[in-house]
file final-v8.pdb (PDB, C-alpha atoms, pLDDT in the B column)
ATOM      1  CA  MET A  68      -3.764   3.960   8.664  1.00 88.00           C
ATOM      2  CA  ILE A  69      -1.940   5.264   5.604  1.00 94.00           C
ATOM      3  CA  CYS A  70      -3.318   6.207   2.204  1.00 95.00           C
ATOM      4  CA  PRO A  71      -3.205   3.373  -0.341  1.00 96.00           C
ATOM      5  CA  ARG A  72      -2.656   5.789  -3.240  1.00 95.00           C
ATOM      6  CA  CYS A  73       0.016   8.228  -1.989  1.00 93.00           C
ATOM      7  CA  ARG A  74       1.044   6.568   1.305  1.00 94.00           C
ATOM      8  CA  HIS A  75       0.444   9.757   3.263  1.00 93.00           C
ATOM      9  CA  PRO A  76       0.202   8.954   6.981  1.00 94.00           C
ATOM     10  CA  LYS A  77      -2.804  11.167   7.720  1.00 95.00           C
ATOM     11  CA  THR A  78      -6.232   9.827   6.839  1.00 96.00           C
ATOM     12  CA  GLY A  79      -9.547  10.415   8.490  1.00 97.00           C
ATOM     13  CA  VAL A  80     -13.021   8.983   8.703  1.00 97.00           C
ATOM     14  CA  LEU A  81     -15.289  10.621   6.152  1.00 96.00           C
ATOM     15  CA  TYR A  82     -18.483   8.606   6.748  1.00 96.00           C
ATOM     16  CA  GLU A  83     -19.759   5.709   8.839  1.00 97.00           C
ATOM     17  CA  SER A  84     -22.471   3.344   7.647  1.00 96.00           C
ATOM     18  CA  PRO A  85     -25.972   3.973   8.985  1.00 95.00           C
ATOM     19  CA  VAL A  86     -25.821   0.482  10.476  1.00 96.00           C
ATOM     20  CA  GLN A  87     -22.968   0.522  12.971  1.00 94.00           C
ATOM     21  CA  GLY A  88     -19.890  -1.466  11.986  1.00 93.00           C
ATOM     22  CA  VAL A  89     -20.929  -2.362   8.432  1.00 97.00           C
ATOM     23  CA  TRP A  90     -18.504  -0.028   6.615  1.00 97.00           C
ATOM     24  CA  THR A  91     -16.437   3.128   7.063  1.00 97.00           C
ATOM     25  CA  VAL A  92     -15.265   5.546   4.374  1.00 97.00           C
ATOM     26  CA  PHE A  93     -11.780   7.002   4.835  1.00 97.00           C
ATOM     27  CA  GLN A  94     -10.197   9.952   3.055  1.00 97.00           C
ATOM     28  CA  CYS A  95      -6.544  10.911   2.650  1.00 95.00           C
ATOM     29  CA  GLU A  96      -5.724  14.419   3.867  1.00 93.00           C
ATOM     30  CA  SER A  97      -3.112  14.837   1.129  1.00 90.00           C
ATOM     31  CA  CYS A  98      -4.466  13.441  -2.172  1.00 90.00           C
ATOM     32  CA  LEU A  99      -8.157  13.209  -1.140  1.00 91.00           C
ATOM     33  CA  TYR A 100      -8.400   9.548  -2.193  1.00 94.00           C
ATOM     34  CA  THR A 101     -11.399   7.856  -0.548  1.00 96.00           C
ATOM     35  CA  TRP A 102     -12.074   4.179   0.116  1.00 97.00           C
ATOM     36  CA  ARG A 103     -14.435   1.971   2.107  1.00 97.00           C
ATOM     37  CA  THR A 104     -13.410  -0.727   4.503  1.00 95.00           C
ATOM     38  CA  THR A 105     -15.313  -3.153   2.255  1.00 96.00           C
ATOM     39  CA  GLU A 106     -13.091  -2.445  -0.781  1.00 96.00           C
ATOM     40  CA  PRO A 107     -10.725  -5.178  -2.005  1.00 96.00           C
ATOM     41  CA  PRO A 108      -7.032  -4.899  -1.051  1.00 96.00           C
ATOM     42  CA  ARG A 109      -6.088  -3.454  -4.463  1.00 95.00           C
ATOM     43  CA  ARG A 110      -8.136  -0.370  -3.495  1.00 95.00           C
ATOM     44  CA  SER A 111      -7.611  -0.207   0.262  1.00 95.00           C
ATOM     45  CA  ASP A 112      -4.209  -1.688   1.129  1.00 96.00           C
ATOM     46  CA  PRO A 113      -1.028   0.238   0.200  1.00 95.00           C
ATOM     47  CA  GLU A 114       0.841  -3.028  -0.349  1.00 96.00           C
ATOM     48  CA  TYR A 115      -1.608  -4.130  -3.064  1.00 96.00           C
ATOM     49  CA  TYR A 116      -2.535  -0.770  -4.615  1.00 95.00           C
ATOM     50  CA  PRO A 117      -1.474  -0.822  -8.314  1.00 95.00           C
ATOM     51  CA  PRO A 118       1.868   0.997  -8.749  1.00 93.00           C
ATOM     52  CA  ALA A 119       0.698   2.523 -12.049  1.00 92.00           C
ATOM     53  CA  PHE A 120      -1.974   4.475 -10.165  1.00 91.00           C
ATOM     54  CA  ARG A 121       0.111   5.563  -7.181  1.00 92.00           C
ATOM     55  CA  LEU A 122       0.689   9.250  -6.628  1.00 88.00           C
ATOM     56  CA  ASN A 123       3.972  10.797  -5.634  1.00 85.00           C
ATOM     57  CA  PRO A 124       3.295  13.214  -2.745  1.00 77.00           C
ATOM     58  CA  ASP A 125       5.936  15.611  -4.115  1.00 78.00           C
ATOM     59  CA  SER A 126       4.012  16.027  -7.375  1.00 77.00           C
ATOM     60  CA  LEU A 127       0.717  16.829  -5.613  1.00 75.00           C
ATOM     61  CA  GLU A 128       1.691  20.437  -4.973  1.00 75.00           C
ATOM     62  CA  HIS A 129       1.834  20.984  -8.756  1.00 75.00           C
ATOM     63  CA  ALA A 130      -1.451  19.234  -9.514  1.00 72.00           C
ATOM     64  CA  GLU A 131      -4.550  21.232 -10.319  1.00 69.00           C
ATOM     65  CA  ALA A 132      -7.091  21.000  -7.511  1.00 69.00           C
ATOM     66  CA  ILE A 133     -10.061  21.093  -9.866  1.00 69.00           C
ATOM     67  CA  PRO A 134      -9.720  20.526 -13.617  1.00 69.00           C
ATOM     68  CA  PRO A 135     -11.031  23.452 -15.635  1.00 72.00           C
ATOM     69  CA  VAL A 136     -14.441  23.073 -17.258  1.00 76.00           C
ATOM     70  CA  PRO A 137     -14.535  24.501 -20.774  1.00 78.00           C
ATOM     71  CA  ASP A 138     -17.143  27.111 -21.605  1.00 78.00           C
ATOM     72  CA  LEU A 139     -20.027  25.682 -23.562  1.00 75.00           C
ATOM     73  CA  ALA A 140     -21.433  27.705 -26.413  1.00 67.00           C
ATOM     74  CA  ALA A 141     -25.229  27.586 -26.702  1.00 57.00           C
ATOM     75  CA  GLY A 142     -25.066  25.472 -29.874  1.00 55.00           C
ATOM     76  CA  ASN A 143     -22.350  23.029 -28.688  1.00 56.00           C
ATOM     77  CA  ARG A 144     -24.199  21.029 -26.055  1.00 55.00           C
TER
END

call {"tool": "encode", "arguments": {"input": "final-v8.pdb", "output": "structure tokens"}}
result
Amino acid sequence: MICPRCRHPKTGVLYESPVQGVWTVFQCESCLYTWRTTEPPRRSDPEYYPPAFRLNPDSLEHAEAIPPVPDLAAGNR
């Protein structure tokens, strides 16, 4: 199985449904995209994943892992 979003060849099972065989959640080892087996093809099949939302694996090394969270002043909540 390859990742629908970045087409990386390494994905793994993240979770299995409590009821065997109902659904499985996969996660890409490269871009961390996750999807269930019950998702429509536009979310789970690389051939139907929207090109506008695809990631280029070469650009992932320059992406921030976690976006910064701005400090909140006591009066700005």

call {"tool": "atom_distance", "arguments": {"input": "final-v8.pdb", "atom1": "atom CA of A:Cys95", "atom2": "atom CA of A:Cys70"}}
result
5.7 Å

call {"tool": "resolve_selection", "arguments": {"input": "final-v8.pdb", "expression": "the PyMOL selection byres ((chain A and resi 120) around 12)", "output": "PyMOL selection string"}}
result
chain A and resi 71-73+100+109-110+113+115-119+121-123

call {"tool": "atom_distance", "arguments": {"input": "final-v8.pdb", "atom1": "atom CA of A:Glu96", "atom2": "atom CA of A:Leu127"}}
result
11.7 Å

call {"tool": "closest_residue", "arguments": {"input": "final-v8.pdb", "among": "A:Pro108, A:Leu139, A:Arg103, A:Ala130", "to": "A:Ser84", "atoms": "all atoms listed in the file"}}
result
A:Arg103

call {"tool": "resolve_selection", "arguments": {"input": "final-v8.pdb", "expression": "the PyMOL selection byres ((chain A and resi 92) around 12)", "output": "PyMOL selection string"}}
result
chain A and resi 78-85+88-91+93-95+99-106+111

call {"tool": "atom_distance", "arguments": {"input": "final-v8.pdb", "atom1": "atom CA of A:Pro76", "atom2": "atom CA of A:Pro135"}}
result
29.1 Å

call {"tool": "axis_aligned_box", "arguments": {"input": "final-v8.pdb", "around": "stretch 115-122 of chain A", "padding_each_side": "5 Å", "output": "AutoDock Vina command-line options"}}
result
--center_x -0.3 --center_y 2.6 --center_z -7.6 --size_x 14.4 --size_y 23.4 --size_z 19.0

call {"tool": "build_atoms", "arguments": {"input": "final-v8.pdb", "residues": "stretch 95-111 of chain A", "atoms": "N, CA, C and O atoms", "output": "short mmCIF file (atom, residue, chain, number, x, y, z; two decimals), in the coordinates of the input"}}
result
data_model
loop_
_atom_site.label_atom_id
_atom_site.label_comp_id
_atom_site.auth_asym_id
_atom_site.auth_seq_id
_atom_site.Cartn_x
_atom_site.Cartn_y
_atom_site.Cartn_z
N CYS A 95 -7.92 10.45 2.45
CA CYS A 95 -6.54 10.91 2.65
C CYS A 95 -6.54 12.43 2.75
O CYS A 95 -7.19 13.12 1.96
N GLU A 96 -5.81 12.97 3.70
CA GLU A 96 -5.72 14.42 3.87
C GLU A 96 -4.85 15.07 2.80
O GLU A 96 -4.94 16.27 2.59
N SER A 97 -4.02 14.29 2.12
CA SER A 97 -3.11 14.84 1.13
C SER A 97 -3.68 14.78 -0.29
O SER A 97 -3.84 15.80 -0.94
N CYS A 98 -4.02 13.58 -0.78
CA CYS A 98 -4.47 13.44 -2.17
C CYS A 98 -5.98 13.33 -2.31
O CYS A 98 -6.50 13.26 -3.42
N LEU A 99 -6.70 13.27 -1.19
CA LEU A 99 -8.16 13.21 -1.14
C LEU A 99 -8.74 11.89 -1.64
O LEU A 99 -9.94 11.78 -1.86
N TYR A 100 -7.91 10.87 -1.81
CA TYR A 100 -8.40 9.55 -2.19
C TYR A 100 -9.34 9.05 -1.10
O TYR A 100 -9.10 9.25 0.08
N THR A 101 -10.45 8.41 -1.51
CA THR A 101 -11.40 7.86 -0.55
C THR A 101 -11.59 6.37 -0.82
O THR A 101 -11.51 5.92 -1.96
N TRP A 102 -11.83 5.62 0.24
CA TRP A 102 -12.07 4.18 0.12
C TRP A 102 -12.89 3.69 1.31
O TRP A 102 -12.88 4.29 2.37
N ARG A 103 -13.64 2.61 1.06
CA ARG A 103 -14.44 1.97 2.11
C ARG A 103 -13.67 0.79 2.69
O ARG A 103 -12.84 0.18 2.01
N THR A 104 -14.01 0.45 3.88
CA THR A 104 -13.41 -0.73 4.50
C THR A 104 -13.81 -2.01 3.79
O THR A 104 -13.16 -3.03 3.96
N THR A 105 -14.86 -1.97 2.98
CA THR A 105 -15.31 -3.15 2.26
C THR A 105 -14.66 -3.30 0.89
O THR A 105 -14.94 -4.26 0.16
N GLU A 106 -13.78 -2.37 0.52
CA GLU A 106 -13.09 -2.44 -0.78
C GLU A 106 -12.07 -3.58 -0.76
O GLU A 106 -11.51 -3.90 0.29
N PRO A 107 -11.76 -4.14 -1.94
CA PRO A 107 -10.72 -5.18 -2.00
C PRO A 107 -9.34 -4.58 -1.72
O PRO A 107 -9.16 -3.36 -1.83
N PRO A 108 -8.37 -5.41 -1.39
CA PRO A 108 -7.03 -4.90 -1.05
C PRO A 108 -6.40 -4.03 -2.13
O PRO A 108 -5.67 -3.09 -1.81
N ARG A 109 -6.70 -4.27 -3.41
CA ARG A 109 -6.09 -3.45 -4.46
C ARG A 109 -6.58 -2.01 -4.43
O ARG A 109 -6.03 -1.15 -5.10
N ARG A 110 -7.62 -1.73 -3.65
CA ARG A 110 -8.14 -0.37 -3.50
C ARG A 110 -7.90 0.20 -2.09
O ARG A 110 -7.95 1.41 -1.91
N SER A 111 -7.66 -0.67 -1.13
CA SER A 111 -7.61 -0.21 0.26
C SER A 111 -6.31 -0.49 1.00
O SER A 111 -6.10 0.06 2.08
#
